[in-house]
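S.K.: One structure is given below, represented as structure tokens, and several questions about it will come after.
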Amino acid sequence: MGSVVNADCVFCSIISGRLPSTRVHESDNFVVIRDINPVAPVHLLVIPKRHVESVLGVGDDFPAGEFFDVVRRVAEQEGLRRGFRLVVNTGIEAQQSVPHMHAHILGGRSFTWPPG
């Protein structure tokens with residue numbers, strides 16, 4: 001799935017505790033934190049503990065079942081039963097700002113489609 005950590009990666013620094021974050025959930029392979037620049041009343045980041053730069057680097061060893069279980073658990077914990085958006089930006093043209101694969105859980109308001 002990728003290397004364990006990348007010393008230059010902000011998310012690896014958050015996972016290791018070198019940088020502060022507000023954690024809302026942690027499992028064997030994922031950490032979920034509150035986004036420091038939220039775009040919705042609920043804006044969480046689901047981050048794999050192992051460093052992988054993007055979805056394009058995800059291999060057969062990626063724990064997809066656990067990933068979706070974490071998303072479901074956290075969405076329920078945050079009261080998002082009416083709906084939420086799960087977003088994984090991949091690459092520069094999609095505005096992936098941190099080169100460590102992560103998913104945004106956005107909720108607590110209505111969204112439009114298509115996104116801007």
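Chain labels A, B, ... are given in the sequence in which chains occur in the structure tokens; within each chain residues are numbered consecutively from 1, and ligands are likewise numbered from 1 in the order shown.
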When you look at stretch 99-107 of chain A with a cut-off of 8 Å (counting only C-alpha atoms), what residues show up, excluding the ones that are within fewer than 4 positions of it in the same chain? I need them as a list of chain:residue names.
M.R.: A:Cys9, A:Phe11, A:Val39, A:Ala40, A:Pro41, A:Val42, A:His43, A:Leu44, A:Leu45, A:Val46, A:Ile47, A:Pro48, A:His51, A:Val52, A:Glu53, A:Ser54, A:Val55, A:Val71, A:Ala75, A:Leu80, A:Gly83, A:Phe84, A:Arg85, A:Leu86, A:Val87, A:Val88, A:Asn89, A:Thr90
S.K.: Running DSSP on the backbone, which parts of stretch 4-96 of chain A land in alpha helix (DSSP H), as a VMD selection string?
M.R.: chain A and resid 10 to 16 64 to 77
S.K.: In Å, rounded to a single decimal, give me how far atom CA of A:Asn37 is from atom CA of A:Ser97.
M.R.: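 Value for the atom CA of A:Ser97-atom CA of A:Asn37 distance: 12.3 Å.
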S.K.: How far is it from atom CA of A:Val58 to atom CA of A:Thr22, in Å with one decimal?
M.R.: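 Rounded to one decimal, the two atoms are 25.6 Å apart.
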